[in-house]
$ cat input17.cif   # mmCIF, C-alpha atoms
data_upload
loop_
_atom_site.label_atom_id
_atom_site.label_comp_id
_atom_site.auth_asym_id
_atom_site.auth_seq_id
_atom_site.Cartn_x
_atom_site.Cartn_y
_atom_site.Cartn_z
CA MET A 1 -12.32 -28.26 -8.84
CA ARG A 2 -10.71 -28.68 -5.44
CA LEU A 3 -7.51 -27.13 -6.76
CA ALA A 4 -9.39 -24.15 -8.22
CA ARG A 5 -11.27 -23.67 -4.96
CA GLY A 6 -8.02 -23.80 -3.00
CA PHE A 7 -6.41 -21.32 -5.40
CA ALA A 8 -9.34 -18.90 -5.08
CA ARG A 9 -9.35 -19.32 -1.31
CA PHE A 10 -5.64 -18.55 -1.13
CA TRP A 11 -5.99 -15.28 -3.08
CA TRP A 12 -9.09 -14.31 -1.09
CA ASP A 13 -7.19 -14.79 2.16
CA PHE A 14 -4.14 -13.03 0.74
CA VAL A 15 -5.90 -9.89 -0.51
CA VAL A 16 -9.09 -9.63 1.54
CA GLY A 17 -7.67 -11.06 4.76
CA ASP A 18 -9.72 -11.72 7.87
CA ASP A 19 -12.06 -8.73 7.57
CA TRP A 20 -13.98 -8.65 4.30
CA ARG A 21 -15.66 -5.40 5.39
CA ILE A 22 -12.48 -3.46 4.63
CA ALA A 23 -12.32 -4.69 1.02
CA ALA A 24 -16.07 -4.24 0.52
CA GLY A 25 -16.02 -0.76 2.08
CA VAL A 26 -13.05 0.40 0.00
CA VAL A 27 -14.69 -0.87 -3.22
CA VAL A 28 -18.00 0.85 -2.37
CA VAL A 29 -16.26 4.16 -1.54
CA LEU A 30 -14.17 4.07 -4.71
CA ALA A 31 -17.27 3.18 -6.76
CA GLY A 32 -18.92 6.29 -5.32
CA GLY A 33 -15.86 8.32 -6.30
CA ALA A 34 -16.00 6.83 -9.79
CA VAL A 35 -19.64 7.91 -10.15
CA LEU A 36 -18.70 11.45 -9.10
CA VAL A 37 -15.91 11.54 -11.68
CA ALA A 38 -17.90 10.00 -14.52
CA ARG A 39 -21.30 11.62 -14.02
CA THR A 40 -20.69 15.02 -12.46
CA SER A 41 -18.40 17.98 -12.91
CA VAL A 42 -17.29 18.07 -9.29
CA PRO A 43 -13.67 19.35 -9.08
CA ASP A 44 -10.92 16.76 -8.66
CA GLY A 45 -9.92 18.10 -5.27
CA VAL A 46 -13.42 17.65 -3.87
CA VAL A 47 -13.69 14.11 -5.23
CA ALA A 48 -10.28 13.28 -3.71
CA ALA A 49 -11.21 14.74 -0.32
CA VAL A 50 -14.64 13.08 -0.19
CA THR A 51 -13.24 9.70 -1.27
CA ALA A 52 -10.41 9.88 1.25
CA LEU A 53 -12.91 10.73 3.97
CA GLY A 54 -15.01 7.71 2.94
CA ILE A 55 -11.93 5.47 3.21
CA VAL A 56 -11.21 6.86 6.68
CA VAL A 57 -14.79 6.05 7.72
CA VAL A 58 -14.37 2.48 6.42
CA ALA A 59 -11.14 2.13 8.42
CA ILE A 60 -12.72 3.48 11.62
CA GLY A 61 -15.74 1.18 11.20
CA SER A 62 -13.55 -1.88 10.72
CA ILE A 63 -11.27 -1.06 13.64
CA ALA A 64 -14.21 -0.27 15.92
CA ALA A 65 -15.92 -3.54 14.99
CA ALA A 66 -12.71 -5.48 15.64
CA GLY A 67 -12.32 -3.66 18.94
CA ARG A 68 -15.84 -4.70 20.00
CA ASP A 69 -15.22 -8.30 18.91
CA ASN A 70 -11.92 -8.50 20.80
CA ALA A 71 -12.95 -6.58 23.91
CA MET B 1 -15.23 -2.03 -23.12
CA PRO B 2 -16.21 0.73 -20.72
CA GLN B 3 -17.81 3.83 -22.13
CA SER B 4 -18.46 7.26 -20.73
CA LYS B 5 -20.48 10.20 -21.99
CA HIS B 6 -18.84 13.59 -22.29
CA ASN B 7 -20.79 16.48 -23.83
CA GLY B 8 -23.08 14.01 -25.53
CA GLU B 9 -20.16 12.19 -27.07
CA VAL B 10 -19.53 8.55 -26.19
CA VAL B 11 -15.94 7.88 -25.32
CA VAL B 12 -14.74 4.29 -25.59
CA LYS B 13 -11.81 3.43 -23.39
CA SER B 14 -9.14 0.95 -24.19
CA PHE B 15 -7.79 -1.52 -21.66
CA VAL B 16 -4.65 -2.19 -23.63
CA PHE B 17 -2.09 0.55 -24.03
CA PRO B 18 1.38 -0.23 -25.33
CA ALA B 19 3.89 0.64 -22.63
CA ALA B 20 5.83 2.86 -24.99
CA ASP B 21 2.80 5.10 -25.57
CA ARG B 22 2.54 6.02 -21.94
CA GLN B 23 4.25 8.81 -20.15
CA PRO B 24 7.55 7.57 -18.72
CA ASN B 25 6.84 8.76 -15.19
CA LEU B 26 3.72 7.24 -13.69
CA CYS B 27 4.33 8.69 -10.30
CA PRO B 28 3.47 12.28 -9.67
CA VAL B 29 5.32 12.11 -6.38
CA THR B 30 8.59 13.87 -6.92
CA GLY B 31 10.08 12.95 -3.59
CA ASP B 32 8.66 9.45 -3.48
CA ALA B 33 12.00 7.64 -3.50
CA VAL B 34 12.26 7.77 0.28
CA GLY B 35 8.70 6.48 0.71
CA VAL B 36 9.18 3.64 -1.76
CA VAL B 37 12.51 2.51 -0.30
CA ALA B 38 11.26 2.90 3.29
CA ALA B 39 8.08 0.93 2.67
CA THR B 40 9.74 -1.90 0.75
CA THR B 41 12.72 -2.15 3.13
CA LEU B 42 10.52 -2.31 6.23
CA ALA B 43 7.95 -4.67 4.69
CA SER B 44 10.66 -6.93 3.32
CA GLY B 45 12.48 -6.88 6.66
CA VAL B 46 9.51 -8.05 8.74
CA GLU B 47 8.52 -10.72 6.22
CA PHE B 48 12.12 -11.98 6.02
CA VAL B 49 12.21 -12.21 9.83
CA GLU B 50 9.19 -14.54 9.76
CA ALA B 51 10.58 -16.60 6.86
CA LEU B 52 13.96 -16.85 8.63
CA THR B 53 12.28 -18.31 11.72
CA ILE B 54 10.68 -21.10 9.66
CA VAL B 55 13.86 -21.82 7.68
CA LEU B 56 16.01 -21.91 10.82
CA ALA B 57 13.57 -24.27 12.55
CA MET B 58 13.56 -26.67 9.59
CA GLY B 59 17.30 -26.45 8.93
CA THR B 60 18.42 -27.06 12.49
CA THR B 61 15.83 -29.81 13.15
CA ARG B 62 15.48 -31.66 9.84
CA GLY B 63 18.73 -30.83 8.01
CA TRP B 64 19.81 -28.05 5.68
CA ARG B 65 19.84 -29.81 2.27
CA SER B 66 16.08 -30.21 1.92
CA THR B 67 15.47 -26.87 3.63
CA TRP B 68 17.68 -25.00 1.13
CA ALA B 69 15.97 -26.89 -1.72
CA GLY B 70 12.61 -25.59 -0.48
CA VAL B 71 13.98 -22.05 -0.14
CA GLY B 72 15.45 -22.18 -3.65
CA ALA B 73 12.24 -23.51 -5.21
CA ALA B 74 10.20 -20.79 -3.48
CA LEU B 75 12.56 -18.03 -4.65
CA ALA B 76 12.39 -19.38 -8.23
CA ALA B 77 8.57 -19.42 -8.12
CA LEU B 78 8.52 -15.87 -6.73
CA ALA B 79 10.88 -14.67 -9.48
CA VAL B 80 8.55 -16.11 -12.17
CA ILE B 81 5.46 -14.54 -10.57
CA THR B 82 7.21 -11.16 -10.24
CA ALA B 83 8.30 -11.17 -13.88
CA LEU B 84 4.90 -12.24 -15.23
CA ALA B 85 2.76 -9.98 -13.05
CA GLY B 86 5.08 -6.99 -13.47
CA TYR B 87 5.19 -7.35 -17.26
CA ALA B 88 1.43 -7.89 -17.60
CA LEU B 89 0.50 -4.92 -15.42
CA GLN B 90 3.04 -2.57 -16.99
CA SER B 91 2.29 -3.56 -20.58
CA TRP B 92 -1.47 -3.86 -20.63
CA PHE B 93 -2.84 -1.27 -18.23
CA PRO B 94 -3.21 2.43 -18.97
CA GLU B 95 -1.74 4.75 -16.37
CA ALA B 96 -4.90 5.72 -14.50
CA LEU B 97 -6.29 2.16 -14.49
CA LEU B 98 -2.96 0.86 -13.19
CA GLN B 99 -3.09 3.41 -10.37
CA LEU B 100 -6.67 2.42 -9.58
CA VAL B 101 -6.07 -1.35 -9.52
CA VAL B 102 -2.73 -1.23 -7.75
CA GLY B 103 -3.82 1.55 -5.37
CA THR B 104 -6.99 -0.31 -4.40
CA LEU B 105 -5.10 -3.54 -3.69
CA LEU B 106 -2.46 -1.64 -1.74
CA LEU B 107 -5.11 0.20 0.23
CA ILE B 108 -6.99 -2.99 1.19
CA PHE B 109 -3.71 -4.68 2.05
CA GLY B 110 -2.47 -1.68 4.03
CA LEU B 111 -5.70 -1.27 5.98
CA GLN B 112 -5.48 -4.94 7.04
CA TRP B 113 -1.93 -4.41 8.30
CA LEU B 114 -2.89 -1.18 10.05
CA ARG B 115 -5.98 -2.69 11.68
CA LYS B 116 -3.96 -5.59 13.11
CA ALA B 117 -1.19 -3.23 14.28
CA ILE B 118 -3.72 -0.98 16.03
CA LEU B 119 -5.38 -3.96 17.74
CA ARG B 120 -1.96 -5.24 18.89
CA SER B 121 -0.91 -1.83 20.18
CA ALA B 122 -4.22 -1.49 22.04
CA GLY B 123 -3.61 -4.87 23.68
CA LEU B 124 -6.61 -6.49 21.98
CA LYS B 125 -4.57 -8.90 19.86
CA ALA B 126 -1.58 -11.00 20.87
CA LEU B 127 1.82 -9.67 19.82
CA HIS B 128 3.73 -11.81 17.35
CA ASP B 129 6.59 -13.56 19.11
CA GLU B 130 9.35 -15.09 16.98
CA ASP B 131 10.62 -17.27 19.83
CA ASP B 132 7.16 -18.81 20.25
CA ALA B 133 6.84 -19.26 16.49
CA TYR B 134 10.28 -20.91 16.38
CA ARG B 135 9.42 -23.32 19.22
CA ALA B 136 6.14 -24.27 17.50
CA GLU B 137 7.92 -24.92 14.18
CA VAL B 138 10.62 -27.01 15.88
CA ALA B 139 8.01 -29.09 17.73
CA ALA B 140 6.12 -29.70 14.48
CA ALA B 141 9.34 -30.64 12.69
CA ARG B 142 10.27 -33.16 15.41
CA ALA B 143 6.79 -34.70 15.45
CA ALA B 144 6.56 -35.08 11.65
CA GLY B 145 7.24 -38.41 9.97
CA ASP B 146 10.22 -39.21 7.75
CA GLU B 147 8.70 -39.17 4.28
CA ARG B 148 11.23 -38.94 1.43
CA ARG B 149 10.44 -37.81 -2.11
CA LEU B 150 12.88 -36.97 -4.91
CA GLY B 151 15.67 -37.74 -2.45
CA LEU B 152 14.53 -34.93 -0.15
CA ASP B 153 13.10 -34.77 3.35
CA TRP B 154 9.64 -33.83 2.10
CA PHE B 155 8.45 -32.18 5.32
CA ALA B 156 11.44 -29.83 5.49
CA PHE B 157 11.16 -29.07 1.76
CA VAL B 158 7.42 -28.29 1.83
CA VAL B 159 7.46 -26.25 5.05
CA SER B 160 10.48 -24.21 3.90
CA PHE B 161 8.92 -23.71 0.46
CA LYS B 162 5.57 -22.59 1.89
CA GLY B 163 7.16 -20.34 4.50
CA VAL B 164 9.43 -18.51 2.06
CA PHE B 165 6.82 -18.44 -0.72
CA LEU B 166 3.99 -17.04 1.39
CA GLU B 167 6.11 -14.45 3.19
CA GLY B 168 7.88 -13.64 -0.09
CA LEU B 169 4.59 -13.17 -1.93
CA GLU B 170 3.74 -10.24 0.32
CA ILE B 171 7.13 -8.68 -0.47
CA VAL B 172 6.61 -9.29 -4.20
CA PHE B 173 3.15 -7.71 -4.01
CA ILE B 174 4.49 -4.61 -2.28
CA VAL B 175 7.49 -4.33 -4.62
CA ILE B 176 5.31 -4.61 -7.73
CA THR B 177 2.64 -2.19 -6.53
CA PHE B 178 5.07 0.43 -5.28
CA GLY B 179 7.49 -0.12 -8.14
CA LEU B 180 4.90 0.24 -10.89
CA ASN B 181 3.15 3.23 -9.45
CA ALA B 182 6.40 4.99 -8.66
CA ASP B 183 7.72 3.95 -12.08
CA SER B 184 10.71 2.38 -10.44
CA ILE B 185 10.68 -1.36 -9.93
CA ALA B 186 14.45 -1.07 -9.44
CA LEU B 187 14.06 1.28 -6.48
CA ALA B 188 11.36 -0.88 -4.90
CA SER B 189 13.48 -4.01 -5.45
CA LEU B 190 16.47 -2.24 -3.92
CA GLY B 191 14.44 -1.51 -0.81
CA ALA B 192 13.31 -5.14 -0.55
CA ALA B 193 16.88 -6.35 -1.09
CA ILE B 194 18.20 -4.06 1.66
CA GLY B 195 15.57 -5.37 4.11
CA GLY B 196 16.34 -8.98 3.17
CA ALA B 197 20.10 -8.50 3.37
CA ILE B 198 19.91 -6.94 6.84
CA VAL B 199 17.75 -9.80 8.18
CA LEU B 200 19.83 -12.48 6.47
CA ALA B 201 23.09 -11.01 7.81
CA ALA B 202 21.64 -10.83 11.33
CA GLY B 203 20.29 -14.38 11.04
CA LEU B 204 23.62 -15.76 9.83
CA ALA B 205 25.48 -13.94 12.60
CA LEU B 206 23.16 -14.99 15.41
CA HIS B 207 21.94 -18.33 14.01
CA ARG B 208 18.71 -17.93 15.94
CA PRO B 209 15.32 -16.26 15.41
CA LEU B 210 15.38 -12.49 15.46
CA ALA B 211 13.04 -12.14 18.42
CA ARG B 212 14.34 -8.71 19.42
CA VAL B 213 13.36 -7.05 16.16
CA PRO B 214 10.51 -4.63 16.95
CA GLU B 215 8.32 -6.51 14.49
CA ASN B 216 5.00 -5.05 15.59
CA THR B 217 6.27 -1.48 15.48
CA ILE B 218 7.67 -2.04 11.98
CA LYS B 219 4.36 -3.57 10.87
CA PHE B 220 2.61 -0.49 12.20
CA ALA B 221 4.88 1.74 10.12
CA VAL B 222 4.43 -0.43 7.01
CA GLY B 223 0.65 -0.40 7.47
CA LEU B 224 0.70 3.41 7.64
CA LEU B 225 2.85 3.70 4.50
CA LEU B 226 0.81 1.17 2.49
CA THR B 227 -2.44 2.86 3.48
CA THR B 228 -1.11 6.33 2.68
CA PHE B 229 0.23 5.44 -0.77
CA GLY B 230 -2.78 3.19 -1.45
CA THR B 231 -5.20 6.06 -0.71
CA PHE B 232 -3.18 8.45 -2.86
CA TRP B 233 -2.92 6.17 -5.90
CA ALA B 234 -6.42 4.66 -5.72
CA VAL B 235 -7.99 8.15 -5.71
CA GLU B 236 -5.71 9.27 -8.54
CA GLY B 237 -6.77 6.18 -10.47
CA LEU B 238 -10.41 7.31 -10.34
CA GLY B 239 -9.41 9.56 -13.22
CA TRP B 240 -9.76 6.50 -15.41
CA PHE B 241 -13.51 7.08 -15.26
CA ALA B 242 -13.12 10.64 -16.54
CA PRO B 243 -13.64 11.23 -20.26
CA ASP B 244 -9.96 12.05 -20.79
CA ASP B 245 -8.60 9.08 -18.80
CA ALA B 246 -6.22 11.42 -16.98
CA SER B 247 -5.29 10.73 -13.36
CA LEU B 248 -7.26 12.66 -10.77
CA GLY B 249 -5.35 15.51 -9.15
CA TRP B 250 -5.03 15.86 -5.38
CA PRO B 251 -5.31 19.32 -3.85
CA GLY B 252 -1.71 20.45 -3.40
CA GLY B 253 -0.45 17.66 -5.67
CA ASP B 254 2.40 15.71 -4.10
CA LEU B 255 2.01 17.59 -0.82
CA ALA B 256 -1.14 15.57 -0.23
CA LEU B 257 1.07 12.56 0.61
CA PRO B 258 2.53 13.89 3.89
CA VAL B 259 -0.92 15.24 4.78
CA LEU B 260 -2.44 11.79 4.22
CA LEU B 261 0.34 10.17 6.23
CA ALA B 262 -0.29 12.61 9.10
CA LEU B 263 -4.03 11.88 8.88
CA TRP B 264 -3.53 8.10 9.08
CA CYS B 265 -0.97 8.51 11.92
CA GLY B 266 -3.42 10.68 13.86
CA LEU B 267 -6.26 8.25 13.29
CA ALA B 268 -4.12 5.30 14.36
CA PHE B 269 -2.96 7.10 17.50
CA LEU B 270 -6.51 8.06 18.45
CA THR B 271 -7.97 4.59 17.86
CA VAL B 272 -5.20 2.95 19.90
CA ARG B 273 -5.93 5.37 22.76
CA LEU B 274 -9.67 4.77 22.54
CA LEU B 275 -9.45 0.96 22.24
CA ALA B 276 -6.79 0.35 24.90
CA PRO B 277 -8.42 -0.97 28.08
CA ARG B 278 -8.44 1.80 30.64
CA GLU B 279 -6.46 1.24 33.82
CA ARG B 280 -8.77 0.39 36.67
CA GLU B 281 -8.81 2.78 39.54
CA VAL B 282 -7.36 1.37 42.71
CA ALA B 283 -9.90 1.74 45.45
#
$ encode --input "input17.cif" --output "structure tokens"
Amino acid sequence: MRLARGFARFWWDFVVGDDWRIAAGVVVVLAGGAVLVARTSVPDGVVAAVTALGIVVVAIGSIAAAGRDNA
Amino acid sequence: MPQSKHNGEVVVKSFVFPAADRQPNLCPVTGDAVGVVAATTLASGVEFVEALTIVLAMGTTRGWRSTWAGVGAALAALAVITALAGYALQSWFPEALLQLVVGTLLLIFGLQWLRKAILRSAGLKALHDEDDAYRAEVAAARAAGDERRLGLDWFAFVVSFKGVFLEGLEIVFIVITFGLNADSIALASLGAAIGGAIVLAAGLALHRPLARVPENTIKFAVGLLLTTFGTFWAVEGLGWFAPDDASLGWPGGDLALPVLLALWCGLAFLTVRLLAPREREVA
């Protein structure tokens, strides 16, 4: 159990890192993009642009939060 | 299995596609060779610099035999992980799902690198200093006890193993993700090998930590490249949710890559400017 917990912890730290909001934000934005692709007939280019914009917003939010924490 | 509705028809998607059934070129980026080699060379270089610091500290303080044993064991473990993960991803994932999974991981990974690089450039996070890291490792090596296992200095073995394995894992991750999506593991491996060879040659020549390498600048560049390619591939991978499983197309196709890179560069530049403490006016 301890080994499994350590293993999970290692991969969490490795992939998610010290700001879980980035991973969560990226997953939420991509899930939104997936809904657009699966449920609507929005053109690919619009989905790509909207999703990219969402990722940029996630990045800005994370950096701004880190900036406030470290200021 | 995931299903989607298209014109009233339910489409069942398969997770497992034989590799041979897929199109040979997964990467729609015609000029991606430069990006793949640049990203893997730079990422490998900075990770090798950090691993070299740990190995040098152990070797010079505790002796080289156990240190090299730790390095060798770590490289063997990394080779096994690379082979298994690379084979599994390439054999079992359809093109669009591979782009989605790998792109998402790359994007999360890249945004972490970029965030740290921006904070360092803005002066809100301490810069990584190889000389400091080396001194800390040497002090720890001197303070550690003399435990022997399997005829090895266990402290030197474990620290060398962990250092090379953990730094190497990031290189493996980047090589696999870039290599699979660009359909060229060889090219990605070549980039990593070039970065490693340069650092190793410099380390052997100087026999000291490579403190003058502009590590933070390189990490900034790597963060920008990982984020750019991660965004590109993750969005393309959303096509897996479409009824035909085909990758999503970017406006302008491959030209979207330099546009994305410019966008991330601009954003990074702006956030550094905004976050950097303003100089106080002298009264």
$ resolve_selection --input "input17.cif" --expression "the PyMOL selection byres ((chain B) within 6 of (chain A))" --output "list of chain:residue names"
B:Ile108, B:Arg115, B:Leu124, B:Val235, B:Leu238, B:Phe241, B:Ala242, B:Leu248, B:Gly249, B:Trp250, B:Pro251
$ closest_residue --input "input17.cif" --among "B:Tyr134, B:Trp240, B:Phe229, B:Trp154" --to "Thr60 of chain B" --atoms "only C-alpha atoms"
B:Tyr134
$ residues_around --input "input17.cif" --residues "Ala57 of chain B" --least-positions-apart "3" --cutoff "7 Å" --atoms "only C-alpha atoms" --output "list in words"
Thr53, Ile54, Thr60, Thr61, Tyr134, Glu137 and Val138 of chain B
$ residues_around --input "input17.cif" --residues "segment 98-102 of chain B" --least-positions-apart "3" --cutoff "10 Å" --atoms "only C-alpha atoms" --output "number ranges by chain"
A: 30; B: 26-27, 89-90, 92-95, 105-107, 173-174, 176-178, 180-182, 230-240, 247
$ atom_distance --input "input17.cif" --atom1 "atom CA of Leu263 of chain B" --atom2 "atom CA of Leu224 of chain B"
9.8 Å
$ closest_residue --input "input17.cif" --among "B:Leu75, B:Ala122, B:Leu204, B:Ala268" --to "Ala221 of chain B" --atoms "all atoms listed in the file"
B:Ala268
$ atom_distance --input "input17.cif" --atom1 "atom CA of Val272 of chain B" --atom2 "atom CA of Ala39 of chain B"
21.8 Å
$ closest_residue --input "input17.cif" --among "B:Ala144, B:Val222, B:Gly151, B:Leu169" --to "Thr40 of chain B" --atoms "only C-alpha atoms"
B:Val222
$ atom_distance --input "input17.cif" --atom1 "atom CA of Pro214 of chain B" --atom2 "atom CA of Leu226 of chain B"
18.4 Å
$ resolve_selection --input "input17.cif" --expression "the PyMOL selection byres ((chain B and resi 55) around 9)" --output "ChimeraX atom specification"
/B:50-54,56-60,64,67-68,71,156,159-161,163-164
$ residues_around --input "input17.cif" --residues "segment 193-203 of chain B" --least-positions-apart "4" --cutoff "12 Å" --atoms "only C-alpha atoms" --output "ChimeraX atom specification"
/B:37-56,164,167-168,171-172,175,185-189,207-213,215,218
$ decode --input "input17.cif" --residues "segment 167-189 of chain B" --atoms "N, CA and C atoms" --output "PDB file, in the first residue's frame"
ATOM      1  N   GLU B 167      16.174  12.763 -13.627  1.00  0.00           N
ATOM      2  CA  GLU B 167      16.441  13.736 -14.701  1.00  0.00           C
ATOM      3  C   GLU B 167      16.232  13.061 -16.057  1.00  0.00           C
ATOM      4  N   GLY B 168      16.648  11.795 -16.149  1.00  0.00           N
ATOM      5  CA  GLY B 168      16.515  11.056 -17.412  1.00  0.00           C
ATOM      6  C   GLY B 168      15.066  10.801 -17.782  1.00  0.00           C
ATOM      7  N   LEU B 169      14.217  10.630 -16.772  1.00  0.00           N
ATOM      8  CA  LEU B 169      12.803  10.352 -17.035  1.00  0.00           C
ATOM      9  C   LEU B 169      12.149  11.514 -17.780  1.00  0.00           C
ATOM     10  N   GLU B 170      12.562  12.727 -17.448  1.00  0.00           N
ATOM     11  CA  GLU B 170      12.007  13.888 -18.155  1.00  0.00           C
ATOM     12  C   GLU B 170      12.451  13.870 -19.621  1.00  0.00           C
ATOM     13  N   ILE B 171      13.715  13.463 -19.845  1.00  0.00           N
ATOM     14  CA  ILE B 171      14.207  13.386 -21.228  1.00  0.00           C
ATOM     15  C   ILE B 171      13.436  12.305 -21.982  1.00  0.00           C
ATOM     16  N   VAL B 172      13.264  11.135 -21.329  1.00  0.00           N
ATOM     17  CA  VAL B 172      12.539  10.025 -21.954  1.00  0.00           C
ATOM     18  C   VAL B 172      11.118  10.462 -22.317  1.00  0.00           C
ATOM     19  N   PHE B 173      10.476  11.153 -21.388  1.00  0.00           N
ATOM     20  CA  PHE B 173       9.108  11.621 -21.605  1.00  0.00           C
ATOM     21  C   PHE B 173       9.037  12.537 -22.832  1.00  0.00           C
ATOM     22  N   ILE B 174       9.982  13.459 -22.919  1.00  0.00           N
ATOM     23  CA  ILE B 174       9.980  14.404 -24.041  1.00  0.00           C
ATOM     24  C   ILE B 174      10.319  13.692 -25.351  1.00  0.00           C
ATOM     25  N   VAL B 175      11.273  12.753 -25.296  1.00  0.00           N
ATOM     26  CA  VAL B 175      11.647  12.016 -26.511  1.00  0.00           C
ATOM     27  C   VAL B 175      10.459  11.188 -27.009  1.00  0.00           C
ATOM     28  N   ILE B 176       9.790  10.498 -26.102  1.00  0.00           N
ATOM     29  CA  ILE B 176       8.662   9.651 -26.513  1.00  0.00           C
ATOM     30  C   ILE B 176       7.520  10.501 -27.071  1.00  0.00           C
ATOM     31  N   THR B 177       7.161  11.564 -26.361  1.00  0.00           N
ATOM     32  CA  THR B 177       6.030  12.380 -26.806  1.00  0.00           C
ATOM     33  C   THR B 177       6.324  13.059 -28.150  1.00  0.00           C
ATOM     34  N   PHE B 178       7.492  13.670 -28.259  1.00  0.00           N
ATOM     35  CA  PHE B 178       7.832  14.317 -29.527  1.00  0.00           C
ATOM     36  C   PHE B 178       8.041  13.272 -30.626  1.00  0.00           C
ATOM     37  N   GLY B 179       8.737  12.212 -30.276  1.00  0.00           N
ATOM     38  CA  GLY B 179       9.050  11.183 -31.270  1.00  0.00           C
ATOM     39  C   GLY B 179       7.802  10.532 -31.838  1.00  0.00           C
ATOM     40  N   LEU B 180       6.854  10.176 -30.978  1.00  0.00           N
ATOM     41  CA  LEU B 180       5.644   9.517 -31.466  1.00  0.00           C
ATOM     42  C   LEU B 180       4.780  10.449 -32.287  1.00  0.00           C
ATOM     43  N   ASN B 181       4.609  11.659 -31.811  1.00  0.00           N
ATOM     44  CA  ASN B 181       3.733  12.566 -32.548  1.00  0.00           C
ATOM     45  C   ASN B 181       4.361  13.043 -33.850  1.00  0.00           C
ATOM     46  N   ALA B 182       5.676  13.125 -33.876  1.00  0.00           N
ATOM     47  CA  ALA B 182       6.345  13.530 -35.111  1.00  0.00           C
ATOM     48  C   ALA B 182       6.684  12.314 -35.959  1.00  0.00           C
ATOM     49  N   ASP B 183       6.269  11.138 -35.482  1.00  0.00           N
ATOM     50  CA  ASP B 183       6.533   9.871 -36.177  1.00  0.00           C
ATOM     51  C   ASP B 183       8.026   9.663 -36.405  1.00  0.00           C
ATOM     52  N   SER B 184       8.814  10.113 -35.473  1.00  0.00           N
ATOM     53  CA  SER B 184      10.252   9.913 -35.610  1.00  0.00           C
ATOM     54  C   SER B 184      10.926   9.853 -34.246  1.00  0.00           C
ATOM     55  N   ILE B 185      10.853   8.665 -33.651  1.00  0.00           N
ATOM     56  CA  ILE B 185      11.550   8.457 -32.380  1.00  0.00           C
ATOM     57  C   ILE B 185      13.052   8.646 -32.607  1.00  0.00           C
ATOM     58  N   ALA B 186      13.516   8.238 -33.811  1.00  0.00           N
ATOM     59  CA  ALA B 186      14.950   8.325 -34.103  1.00  0.00           C
ATOM     60  C   ALA B 186      15.426   9.777 -34.057  1.00  0.00           C
ATOM     61  N   LEU B 187      14.632  10.660 -34.652  1.00  0.00           N
ATOM     62  CA  LEU B 187      15.001  12.077 -34.687  1.00  0.00           C
ATOM     63  C   LEU B 187      14.999  12.668 -33.270  1.00  0.00           C
ATOM     64  N   ALA B 188      13.970  12.324 -32.502  1.00  0.00           N
ATOM     65  CA  ALA B 188      13.884  12.819 -31.123  1.00  0.00           C
ATOM     66  C   ALA B 188      15.038  12.270 -30.288  1.00  0.00           C
ATOM     67  N   SER B 189      15.367  10.986 -30.490  1.00  0.00           N
ATOM     68  CA  SER B 189      16.485  10.378 -29.753  1.00  0.00           C
ATOM     69  C   SER B 189      17.802  11.027 -30.146  1.00  0.00           C
TER      70      SER B 189
END
